[in-house]
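The structure appears below as structure tokens.
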Amino acid sequence: MDKKIFLSEKEMPQAWYNIQADLPEPLAPVLHPGTQKPVGPEDLAPIFPMELIKQEVSQERWTPIPEPVLDVLKIWRPSPLVRATALEKKLGTPARIYYKNESVSPPGSHKPNTAVAQAYYNKAEGVERLTTETGAGQWGSALSFACSQFGLECKVYMVRVSFDQKPYRKSLIRTWGASVVPSPSPDTEAGRAILARTPDSTGSLGMAISEAVEDAVKHDNTKYTLGSVLNHVMLHQTVIGLETKKQFELAGDSPDILVGCTGGGSNFGGLFLPFVPDKLKDRPDMRFVAVEPTACPTLTKGPFQYDFGDTAGLTPLIKMFTLGHNFVPSGIHAGGLRYHGMAPIISHLKKLNIMEAVAYHQNPVFEAAMMFAMTEGIVVAPETAHAVRATIDEALACKERNEEKCIVFNLSGHGHFDLSAYDAYFDKKLTDFEHPEEAIIESLKSVPAVEG
Ligand SMILES: Cc1ncc(COP(=O)(O)O)c(C=O)c1O
């Protein structure tokens, strides 16, 4: 059997899959914080183009992918599905391990799957400038790349700690023509308020979202983009799972366990959502395993309730697993996994017990990343390393029980710009931090109570 399973460009999915059409129960509505009534398209119009607002609430199972979006995706798609034969050998497991390699995109992660679509719809509706936040810099570089393809201006608010730790992600963002500032920044009211309270704030995704949203609302012809969490982002990412399904058919195999790291939930959702109907229909044993850091344990420790998507409370209220919008994460190196909330779709599926979640400390996560680098050769992003850890543990459990399960994980990004995190691991400078329950209770005190 070949190690890599490729599809031709002609075999690329021509439509995105919408899980909302197949949910056993509908998602809870997104609420206006003042009225506590469901938000309508007019509430979202100042920050998103109408086509994306429609996708956010669409119940249609399939949405055709526009031709210009497919043309850009073809720069790197379809991405390979790879059998991790060397890792299997090293572990001595009877399990078959595969990974879907999303690190082959120009910015090096799954993020451009939605960045390209979002840039396209904004351009088509006459928008000239996009704003966004970025944690580790993967999303900011993906949006900058997408804007360069469609001739849009782009401003990125980058979480301060990553801005300082990852100078080359910043360079990449600038190479594709976007401007990038550390967040909290003096450029917005939200940023100035945070700096007045905590001048040496290391920033958070919640803070950077507040800044990027405010910028979009206050500037003409500018809209805001989000790299994860929202339903339309999950929709665009389903190209990953749709390709994976076809590739498994070609390989004559089928996954029993699907694994992915979860920050806002988009790379993992992209992989497993197209498999949910199979599980609901005739594969009840199929497992979907989300992996998060113990330092940001949204799905494993947070309550399922309404909360804001950002720190300043500018976004609508979203029903999700949350650590509270005031959550300030410890300085773990997987910057993309430091978000306080979780995609409503992922939260809903977790609540319905259709998927499960595990949390890991960062030292065992980097140990797994090292084993992967030494066997399969790829140096994965610290976020992705969480998925590698869980995959290895599932494969070891198969070894113990002598089970020939098929495991696939999403290799969401490479770690070429995260080597300082690997250095910190080598130098034994990574601390294993567990986010305390009391901090979650405290942070959730400021969320408005939602009736019912
Ligand atoms: C490489 C990589 N993987 C995973 C994530 C987590 O985000 P999500 O859960 O939306 O895929 C990020 C976020 O920045 C990332 O850069």
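Naming scheme: A, B, ... for chains in displayed order of the structure tokens; residues 1 onward per chain; ligands 1 onward as shown.
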
*From a DSSP pass on the backbone, collect the residues of segment 139-306 of chain A flagged as alpha helix (DSSP H) and hand them back as a PyMOL selection string.*
chain A and resi 139-150+160-165+167-175+189-197+205-218+231-237+239-251+266-272+276-281+298-301

*asked:* Within 9 Å of ligand 1 (counting only C-alpha atoms and all ligand atoms), which residues show up? I'd like them as a PyMOL selection string.
replied: chain A and resi 102-103+108-111+134-140+227-229+233-234+260-270+334-339+342-343+380-385+410-415

*Could you name the residues that touch Leu430 of chain A at 12 Å or less, counting only C-alpha atoms, but leaving out those on the same chain fewer than 2 positions away, as a PyMOL selection string?*
chain A and resi 295+330-334+361-367+420-428+432-433

I need the chosen residues saved as a short mmCIF file (atom, residue, chain, number, x, y, z; two decimals), in the first residue's frame, with N, CA and C atoms.
data_model
loop_
_atom_site.label_atom_id
_atom_site.label_comp_id
_atom_site.auth_asym_id
_atom_site.auth_seq_id
_atom_site.Cartn_x
_atom_site.Cartn_y
_atom_site.Cartn_z
N ALA A 295 -4.07 23.70 30.68
CA ALA A 295 -3.99 25.12 31.04
C ALA A 295 -5.16 25.92 30.46
N SER A 330 -2.56 31.11 31.02
CA SER A 330 -1.15 31.08 31.40
C SER A 330 -0.34 31.03 30.10
N GLY A 331 0.93 31.35 30.19
CA GLY A 331 1.73 31.48 28.96
C GLY A 331 2.13 30.15 28.33
N ILE A 332 1.15 29.28 28.03
CA ILE A 332 1.50 28.02 27.35
C ILE A 332 1.88 28.32 25.90
N HIS A 333 2.66 27.41 25.32
CA HIS A 333 3.19 27.70 24.00
C HIS A 333 2.23 27.44 22.84
N ALA A 334 1.18 26.66 23.10
CA ALA A 334 0.21 26.44 22.03
C ALA A 334 -0.77 27.61 22.01
N HIS A 361 -1.12 18.04 29.70
CA HIS A 361 -0.08 19.00 30.06
C HIS A 361 0.90 19.14 28.89
N GLN A 362 1.61 20.29 28.85
CA GLN A 362 2.43 20.53 27.65
C GLN A 362 3.70 19.68 27.55
N ASN A 363 4.27 19.24 28.67
CA ASN A 363 5.49 18.42 28.54
C ASN A 363 5.23 17.08 27.82
N PRO A 364 4.21 16.30 28.26
CA PRO A 364 3.92 15.08 27.49
C PRO A 364 3.51 15.36 26.04
N VAL A 365 2.95 16.54 25.80
CA VAL A 365 2.55 16.91 24.43
C VAL A 365 3.81 17.09 23.56
N PHE A 366 4.82 17.78 24.09
CA PHE A 366 6.05 17.98 23.31
C PHE A 366 6.84 16.67 23.18
N GLU A 367 6.74 15.82 24.18
CA GLU A 367 7.39 14.50 24.09
C GLU A 367 6.82 13.73 22.89
N SER A 420 10.92 28.15 19.09
CA SER A 420 11.28 28.62 20.44
C SER A 420 10.55 27.78 21.49
N ALA A 421 9.36 27.29 21.15
CA ALA A 421 8.62 26.43 22.09
C ALA A 421 9.34 25.09 22.24
N TYR A 422 9.86 24.57 21.12
CA TYR A 422 10.64 23.32 21.20
C TYR A 422 11.90 23.54 22.04
N ASP A 423 12.54 24.72 21.85
CA ASP A 423 13.73 25.04 22.66
C ASP A 423 13.38 25.06 24.15
N ALA A 424 12.24 25.68 24.47
CA ALA A 424 11.82 25.75 25.87
C ALA A 424 11.63 24.34 26.44
N TYR A 425 11.12 23.44 25.59
CA TYR A 425 10.94 22.04 26.03
C TYR A 425 12.31 21.39 26.28
N PHE A 426 13.25 21.58 25.33
CA PHE A 426 14.59 20.98 25.49
C PHE A 426 15.26 21.50 26.76
N ASP A 427 15.06 22.82 27.02
CA ASP A 427 15.72 23.45 28.17
C ASP A 427 14.94 23.27 29.48
N LYS A 428 13.93 22.41 29.43
CA LYS A 428 13.10 22.11 30.63
C LYS A 428 12.48 23.37 31.24
N ASP A 432 3.96 22.67 33.68
CA ASP A 432 2.66 22.02 33.48
C ASP A 432 1.66 22.66 34.42
N PHE A 433 0.77 23.47 33.84
CA PHE A 433 -0.15 24.27 34.64
C PHE A 433 -1.57 23.76 34.48
#

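The residue that comes closest to Pro38 of chain A, out of A:His435, A:Lys166, A:Lys319, A:Lys54 and on the basis of only C-alpha atoms, is A:Lys319.
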
_Two-atom distance - atom CA of Thr298 of chain A, atom CA of Leu271 of chain A (Å)_ =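 Separation of atom CA of Thr298 of chain A and atom CA of Leu271 of chain A: 19.7 Å.
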
_Interatomic distance, atom CA of Phe163 of chain A to atom CA of Thr202 of chain A (Å, one decimal)_ =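 Value for the atom CA of Phe163 of chain A-atom CA of Thr202 of chain A distance: 9.5 Å.
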